[in-house]
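> To be precise about what I am sending: the file is called start.cif and holds mmCIF, C-alpha atoms.
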data_query
#
loop_
_atom_site.label_atom_id
_atom_site.label_comp_id
_atom_site.auth_asym_id
_atom_site.auth_seq_id
_atom_site.Cartn_x
_atom_site.Cartn_y
_atom_site.Cartn_z
CA LEU H 1 -95.51 -111.17 -36.88
CA GLU H 2 -97.90 -108.43 -35.80
CA LEU H 3 -96.57 -106.04 -38.45
CA SER H 4 -96.96 -108.72 -41.13
CA ARG H 5 -100.56 -109.37 -40.05
CA HIS H 6 -101.44 -105.71 -40.45
CA GLU H 7 -99.49 -105.35 -43.71
CA ALA H 8 -101.43 -108.32 -45.13
CA ALA H 9 -104.69 -106.58 -44.20
CA SER H 10 -103.45 -103.35 -45.79
CA LEU H 11 -102.52 -105.11 -49.03
CA ALA H 12 -105.86 -106.95 -49.12
CA SER H 13 -107.67 -103.64 -48.57
CA LEU H 14 -105.69 -102.10 -51.43
CA GLY H 15 -106.59 -105.12 -53.57
CA ILE H 16 -110.31 -104.68 -52.94
CA TRP H 17 -110.12 -100.96 -53.77
CA PHE H 18 -108.24 -101.69 -56.96
CA GLU H 19 -110.52 -104.53 -58.08
CA ILE H 20 -113.64 -102.41 -57.57
CA ILE H 21 -112.06 -99.84 -59.90
CA LEU H 22 -111.16 -102.59 -62.37
CA MET H 23 -114.70 -103.97 -62.39
CA GLN H 24 -116.06 -100.51 -63.22
CA LEU H 25 -113.53 -100.11 -66.06
CA LEU H 26 -114.43 -103.51 -67.53
CA VAL H 27 -118.16 -102.78 -67.40
CA ARG H 28 -117.54 -99.50 -69.25
CA HIS H 29 -115.37 -101.36 -71.77
CA VAL H 30 -118.17 -103.77 -72.79
CA TYR H 31 -121.11 -101.34 -72.49
CA ASP H 32 -121.27 -100.55 -76.23
CA LYS H 33 -120.27 -104.00 -77.51
CA SER H 34 -122.42 -106.93 -78.66
CA VAL H 35 -123.67 -108.70 -75.57
CA THR H 36 -123.50 -112.11 -77.29
CA SER H 37 -119.87 -111.77 -78.42
CA ALA H 38 -117.13 -113.98 -76.99
CA HIS H 39 -115.22 -110.83 -76.06
CA VAL H 40 -118.04 -109.60 -73.82
CA ARG H 41 -118.55 -113.06 -72.30
CA TYR H 42 -114.87 -113.18 -71.35
CA ALA H 43 -114.99 -109.70 -69.84
CA LEU H 44 -118.06 -110.67 -67.79
CA THR H 45 -116.21 -113.78 -66.59
CA GLU H 46 -113.35 -111.61 -65.40
CA ILE H 47 -115.74 -109.21 -63.65
CA ALA H 48 -117.23 -112.19 -61.79
CA ASP H 49 -113.73 -113.41 -60.87
CA GLU H 50 -112.76 -109.99 -59.50
CA CYS H 51 -115.97 -109.81 -57.49
CA ARG H 52 -115.16 -113.17 -55.84
CA HIS H 53 -111.57 -112.06 -55.21
CA SER H 54 -112.79 -108.94 -53.41
CA LYS H 55 -115.06 -111.03 -51.18
CA MET H 56 -112.18 -113.45 -50.54
CA PHE H 57 -109.83 -110.63 -49.52
CA ALA H 58 -112.49 -109.19 -47.21
CA ARG H 59 -112.94 -112.55 -45.48
CA MET H 60 -109.17 -112.87 -45.08
CA ILE H 61 -109.02 -109.47 -43.36
CA GLU H 62 -111.84 -110.53 -41.01
CA LYS H 63 -110.18 -113.87 -40.19
CA GLY H 64 -106.86 -112.14 -39.55
CA GLY H 65 -108.43 -109.85 -36.96
CA ALA H 66 -106.75 -106.70 -38.30
CA PRO H 67 -108.71 -103.59 -39.37
CA THR H 68 -109.33 -102.60 -42.96
CA TYR H 69 -106.95 -100.01 -44.35
CA PRO H 70 -108.62 -97.79 -46.96
CA VAL H 71 -106.48 -95.59 -49.17
CA SER H 72 -106.35 -91.89 -48.34
CA ARG H 73 -109.34 -89.72 -49.23
CA PHE H 74 -107.16 -87.90 -51.77
CA HIS H 75 -106.17 -91.11 -53.57
CA HIS H 76 -109.73 -92.41 -53.32
CA ASN H 77 -111.03 -89.34 -55.16
CA LEU H 78 -108.06 -89.19 -57.55
CA ALA H 79 -108.93 -92.74 -58.65
CA ARG H 80 -112.49 -91.56 -59.22
CA VAL H 81 -111.13 -89.02 -61.72
CA LEU H 82 -108.68 -91.46 -63.35
CA LYS H 83 -111.31 -94.13 -63.97
CA THR H 84 -113.73 -91.52 -65.32
CA VAL H 85 -111.31 -90.15 -67.93
CA SER H 86 -109.61 -93.47 -68.68
CA THR H 87 -110.10 -94.85 -72.18
CA THR H 88 -109.87 -98.53 -73.12
CA PRO H 89 -106.07 -98.81 -73.46
CA GLY H 90 -105.59 -96.81 -70.26
CA SER H 91 -107.94 -99.17 -68.45
CA PHE H 92 -105.97 -102.23 -69.50
CA ALA H 93 -102.63 -100.58 -68.65
CA CYS H 94 -103.89 -99.87 -65.13
CA THR H 95 -105.26 -103.42 -64.91
CA LEU H 96 -101.80 -104.82 -65.56
CA LEU H 97 -100.24 -102.42 -63.05
CA GLY H 98 -102.34 -103.78 -60.21
CA GLU H 99 -102.24 -107.42 -61.24
CA GLU H 100 -98.67 -108.12 -62.31
CA ILE H 101 -96.79 -106.62 -59.35
CA LEU H 102 -99.01 -108.32 -56.77
CA ASP H 103 -98.85 -111.52 -58.82
CA TYR H 104 -95.05 -111.55 -58.51
CA MET H 105 -95.25 -111.18 -54.73
CA GLN H 106 -98.01 -113.75 -54.35
CA ARG H 107 -96.01 -116.33 -56.32
CA LEU H 108 -93.40 -115.98 -53.57
CA THR H 109 -96.04 -116.27 -50.85
CA PHE H 110 -98.16 -119.35 -51.45
CA PRO H 111 -95.33 -121.93 -51.78
CA ASP H 112 -93.72 -120.68 -48.52
CA GLU H 113 -94.70 -122.96 -45.61
CA ARG H 114 -93.76 -120.27 -43.10
CA VAL H 115 -96.72 -118.16 -44.25
CA GLN H 116 -100.09 -118.50 -42.50
CA THR H 117 -102.32 -121.15 -44.15
CA ILE H 118 -105.28 -118.93 -45.08
CA VAL H 119 -102.98 -116.31 -46.63
CA ARG H 120 -101.27 -119.03 -48.68
CA GLY H 121 -104.63 -120.36 -49.85
CA VAL H 122 -105.91 -116.92 -50.86
CA THR H 123 -102.74 -116.06 -52.78
CA ARG H 124 -102.74 -119.44 -54.58
CA ILE H 125 -106.33 -118.98 -55.79
CA HIS H 126 -105.62 -115.40 -56.83
CA VAL H 127 -102.47 -116.32 -58.80
CA VAL H 128 -104.24 -119.11 -60.72
CA GLU H 129 -107.20 -116.95 -61.75
CA GLU H 130 -105.22 -113.76 -62.41
CA ALA H 131 -103.07 -115.60 -64.99
CA ARG H 132 -106.07 -115.50 -67.37
CA HIS H 133 -106.71 -111.83 -66.66
CA VAL H 134 -103.10 -110.81 -67.30
CA ARG H 135 -103.03 -112.55 -70.67
CA TYR H 136 -106.36 -110.99 -71.67
CA ALA H 137 -105.22 -107.48 -70.66
CA ARG H 138 -101.84 -107.81 -72.38
CA GLU H 139 -103.31 -108.97 -75.69
CA GLU H 140 -106.01 -106.31 -75.63
CA LEU H 141 -103.60 -103.49 -74.70
CA ARG H 142 -101.17 -104.47 -77.46
CA ARG H 143 -104.00 -104.30 -80.02
CA GLN H 144 -105.32 -101.02 -78.63
CA MET H 145 -101.94 -99.24 -78.72
CA VAL H 146 -101.63 -100.09 -82.43
CA SER H 147 -105.12 -98.96 -83.43
CA CYS H 148 -105.94 -96.07 -81.05
CA PRO H 149 -105.56 -92.43 -82.11
CA ARG H 150 -102.47 -90.52 -81.05
CA TRP H 151 -104.22 -88.51 -78.33
CA GLU H 152 -105.49 -91.72 -76.72
CA ALA H 153 -102.02 -93.26 -76.70
CA GLN H 154 -100.68 -90.09 -75.06
CA LEU H 155 -103.44 -90.16 -72.44
CA THR H 156 -102.66 -93.84 -71.76
CA ARG H 157 -99.00 -93.03 -71.13
CA LEU H 158 -99.94 -90.22 -68.75
CA SER H 159 -102.72 -92.04 -66.85
CA SER H 160 -100.73 -95.27 -66.40
CA GLY H 161 -97.71 -93.31 -65.14
CA GLU H 162 -99.84 -91.43 -62.61
CA ALA H 163 -101.54 -94.68 -61.57
CA ALA H 164 -98.09 -96.24 -60.99
CA ARG H 165 -97.10 -93.30 -58.79
CA VAL H 166 -100.30 -93.56 -56.70
CA PHE H 167 -100.02 -97.36 -56.47
CA SER H 168 -96.47 -97.24 -55.09
CA ILE H 169 -97.42 -94.63 -52.47
CA ALA H 170 -100.60 -96.42 -51.38
CA PHE H 171 -99.02 -99.90 -51.26
CA VAL H 172 -99.03 -100.08 -47.45
CA ASN H 173 -101.13 -97.66 -45.41
CA PRO H 174 -98.87 -95.81 -42.88
CA GLU H 175 -101.59 -96.31 -40.26
CA VAL H 176 -100.28 -99.88 -40.09
CA TYR H 177 -97.15 -98.67 -38.32
CA THR H 178 -99.12 -96.64 -35.78
CA ASN H 179 -101.38 -99.61 -34.98
CA VAL H 180 -98.46 -101.92 -34.20
CA GLY H 181 -96.79 -99.38 -31.90
CA LEU H 182 -94.07 -98.05 -34.20
CA ASP H 183 -93.10 -94.43 -34.68
CA ARG H 184 -95.04 -93.69 -37.85
CA ARG H 185 -92.75 -90.95 -39.17
CA GLU H 186 -89.61 -93.04 -38.61
CA ALA H 187 -91.19 -96.18 -40.10
CA VAL H 188 -92.27 -94.33 -43.26
CA ARG H 189 -88.77 -92.85 -43.57
CA GLN H 190 -87.19 -96.29 -43.35
CA VAL H 191 -89.64 -97.69 -45.90
CA LYS H 192 -88.82 -94.93 -48.38
CA GLU H 193 -85.08 -95.42 -47.91
CA SER H 194 -85.15 -99.22 -47.95
CA GLY H 195 -83.02 -100.63 -50.76
CA HIS H 196 -84.62 -104.03 -50.25
CA ARG H 197 -88.13 -102.65 -50.72
CA ARG H 198 -87.06 -100.76 -53.83
CA GLU H 199 -85.48 -103.91 -55.28
CA VAL H 200 -88.58 -106.03 -54.59
CA MET H 201 -90.92 -103.44 -56.13
CA GLN H 202 -88.77 -102.98 -59.22
CA THR H 203 -88.24 -106.72 -59.69
CA GLY H 204 -91.98 -107.29 -59.35
CA ALA H 205 -92.69 -104.57 -61.93
CA LYS H 206 -89.93 -105.45 -64.42
CA ARG H 207 -91.90 -107.90 -66.54
CA LEU H 208 -94.66 -105.30 -66.83
CA THR H 209 -92.42 -102.29 -67.50
CA ASP H 210 -90.52 -104.24 -70.19
CA PHE H 211 -93.84 -105.08 -71.86
CA LEU H 212 -95.15 -101.50 -71.65
CA ASP H 213 -91.86 -100.23 -73.06
CA ASP H 214 -92.13 -102.70 -75.95
CA ILE H 215 -95.61 -101.54 -76.98
CA GLY H 216 -94.89 -97.81 -76.65
CA VAL H 217 -96.50 -96.90 -73.32
CA MET H 218 -93.29 -95.89 -71.53
CA ARG H 219 -92.58 -92.62 -73.27
CA GLY H 220 -92.37 -88.90 -72.46
CA VAL H 221 -94.07 -87.63 -69.31
CA GLY H 222 -95.52 -91.07 -68.66
CA ARG H 223 -92.04 -92.57 -68.37
CA ARG H 224 -90.97 -89.83 -65.97
CA LEU H 225 -94.01 -90.57 -63.79
CA TRP H 226 -93.13 -94.27 -63.79
CA ARG H 227 -89.58 -93.42 -62.75
CA SER H 228 -90.81 -91.15 -59.92
CA SER H 229 -92.99 -94.01 -58.67
CA GLY H 230 -89.84 -96.02 -57.92
CA LEU H 231 -91.16 -98.99 -59.94
CA LEU H 232 -88.91 -98.39 -62.94
CA ALA H 233 -85.26 -99.30 -62.42
#
Turn the structure described in the file into structure tokens.

Amino acid sequence: LELSRHEAASLASLGIWFEIILMQLLVRHVYDKSVTSAHVRYALTEIADECRHSKMFARMIEKGGAPTYPVSRFHHNLARVLKTVSTTPGSFACTLLGEEILDYMQRLTFPDERVQTIVRGVTRIHVVEEARHVRYAREELRRQMVSCPRWEAQLTRLSSGEAARVFSIAFVNPEVYTNVGLDRREAVRQVKESGHRREVMQTGAKRLTDFLDDIGVMRGVGRRLWRSSGLLA
């Protein structure tokens, strides 16, 4: 129970970090577009949704009584580089990475009566609102991969593969294990070797990886990075 409480705080912290990145990518995406267009209005709606989600996750961490678990300084700064060089298709590929895997896990969480009530409520709200965001990102990424120049498609494959690798490593902060009194080194070893964890991560990512494969993102070095992340079966 104590481990689960801290893992929930770690995942919520990761979610806030990721959604702050996503909000920045979406603002960049609409910066040069017509401010009265339906496309921009929808993007602004999603930015507002993500802002509320971040506040919701922060309140959940506070209510749970566990500390926040920021990603490592290295990953924090690596994300700064990735979001700076990311182009539009890369931004939407990374959006789907963060949303679809967590969406799969949250769909298992909120119907389960064994799970704490506030956590169930937060995951239910997040699943309902993220359904719109996933559809928007999928449709936009499919269009972008058809129309973007070759160099941009190559950069998208590389950046999404690296983002997948970072995401899988940062999923649960190892400090969690220290804070609940476990041997950190042994706990991390067991996590890395866990067949169950690998199966859950790959099952959660399958719908996404099948889609990315279909539209040409899973090729070359990018595919090798996805495989090294452990998310690609």
> Would you work out the distance separating atom CA of Thr178 of chain H from atom CA of Gly65 of chain H, expressed in Å to one decimal?
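Atom-to-atom, atom CA of Thr178 of chain H to atom CA of Gly65 of chain H, that is 16.2 Å.
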> I'd like to know which of H:Phe18, H:Arg132, H:Glu99, H:Arg107 is closest to Arg80 of chain H, using only C-alpha atoms.
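Ranking H:Phe18, H:Arg132, H:Glu99, H:Arg107 by distance to Arg80 of chain H, first place goes to H:Phe18.
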> Return the single residue from H:His196, H:Arg5, H:Arg138, H:Arg224 that is closest to Pro67 of chain H, with distances computed using only C-alpha atoms.
H:Arg5
> Within 12 Å of segment 27-42 of chain H, which residues of segment 94-160 of chain H show up? Give each one with its shortest atom-to-atom distance in Å (one decimal) and the two atoms involved, counting only C-alpha atoms, rows by chain then rising residue number, as a tab-separated table.

residue	atom	partner	partner_atom	distance
H:Arg132	CA	H:Tyr42	CA	9.9
H:His133	CA	H:Tyr42	CA	9.5
H:Arg135	CA	H:Tyr42	CA	11.9
H:Tyr136	CA	H:Tyr42	CA	8.8
H:Ala137	CA	H:Tyr42	CA	11.2
H:Glu140	CA	H:His39	CA	10.3
> Write out as CSV the residues of segment 12-34 of chain H that have any atom within 10 Å of an atom of segment 171-176 of chain H, one row each with the nearest atom pair and its distance in Å to one decimal, counting all atoms listed in the file, sorted by chain and then rising number.

residue,atom,partner,partner_atom,distance
H:Ala12,CA,H:Val172,CA,9.8
H:Ser13,CA,H:Asn173,CA,9.4
H:Leu14,CA,H:Phe171,CA,7.0
H:Gly15,CA,H:Phe171,CA,9.5
> Quick one: everything within 12 Å of Arg143 of chain H, counting only C-alpha atoms, minus sequence neighbours fewer than 5 positions away in the same chain. Send it as an mmCIF file with C-alpha atoms, keeping the file's coordinate frame.

data_model
loop_
_atom_site.group_PDB
_atom_site.id
_atom_site.type_symbol
_atom_site.label_atom_id
_atom_site.label_comp_id
_atom_site.auth_asym_id
_atom_site.auth_seq_id
_atom_site.Cartn_x
_atom_site.Cartn_y
_atom_site.Cartn_z
ATOM 1 C CA THR H 88 -109.870 -98.530 -73.120
ATOM 2 C CA PRO H 89 -106.070 -98.810 -73.460
ATOM 3 C CA PHE H 92 -105.970 -102.230 -69.500
ATOM 4 C CA TYR H 136 -106.360 -110.990 -71.670
ATOM 5 C CA ALA H 137 -105.220 -107.480 -70.660
ATOM 6 C CA ARG H 138 -101.840 -107.810 -72.380
ATOM 7 C CA CYS H 148 -105.940 -96.070 -81.050
ATOM 8 C CA ALA H 153 -102.020 -93.260 -76.700
ATOM 9 C CA ILE H 215 -95.610 -101.540 -76.980
ATOM 10 C CA GLY H 216 -94.890 -97.810 -76.650
#
> Could you work out how far atom CA of Ala170 of chain H lies from atom CA of Val71 of chain H, giving the answer in Å with one decimal?
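Between these atoms lies a distance of 6.3 Å.
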> Determine the nearest neighbour of Gln144 of chain H from the options H:Leu3, H:Thr203, H:Val217, H:Arg124, counting only C-alpha atoms.
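Closest residue, counting only C-alpha atoms: H:Val217.
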> H:Glu7, H:Asp103, H:Glu139, H:Asp112: which is nearest Val127 of chain H, counting all atoms listed in the file?
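Ranking H:Glu7, H:Asp103, H:Glu139, H:Asp112 by distance to Val127 of chain H, first place goes to H:Asp103.
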> Set the distance at 12 Å and use only C-alpha atoms: which residues neighbour Trp151 of chain H once local chain neighbours fewer than 5 positions away are removed? I'd like the list as a PDB file with C-alpha atoms, keeping the file's coordinate frame.

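Once written, around.pdb looks like this:
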ATOM      1  CA  THR H  87    -110.100 -94.850 -72.180  1.00  0.00           C
ATOM      2  CA  PRO H  89    -106.070 -98.810 -73.460  1.00  0.00           C
ATOM      3  CA  GLY H  90    -105.590 -96.810 -70.260  1.00  0.00           C
ATOM      4  CA  MET H 145    -101.940 -99.240 -78.720  1.00  0.00           C
ATOM      5  CA  THR H 156    -102.660 -93.840 -71.760  1.00  0.00           C
ATOM      6  CA  ARG H 157     -99.000 -93.030 -71.130  1.00  0.00           C
ATOM      7  CA  LEU H 158     -99.940 -90.220 -68.750  1.00  0.00           C
TER       8      LEU H 158
END
> Point out the residue among H:Gln154, H:Thr109, H:Ala9, H:Gln24 with the least atom-to-atom distance to Val221 of chain H, counting all atoms listed in the file.
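The answer is H:Gln154, which sits nearest to Val221 of chain H.
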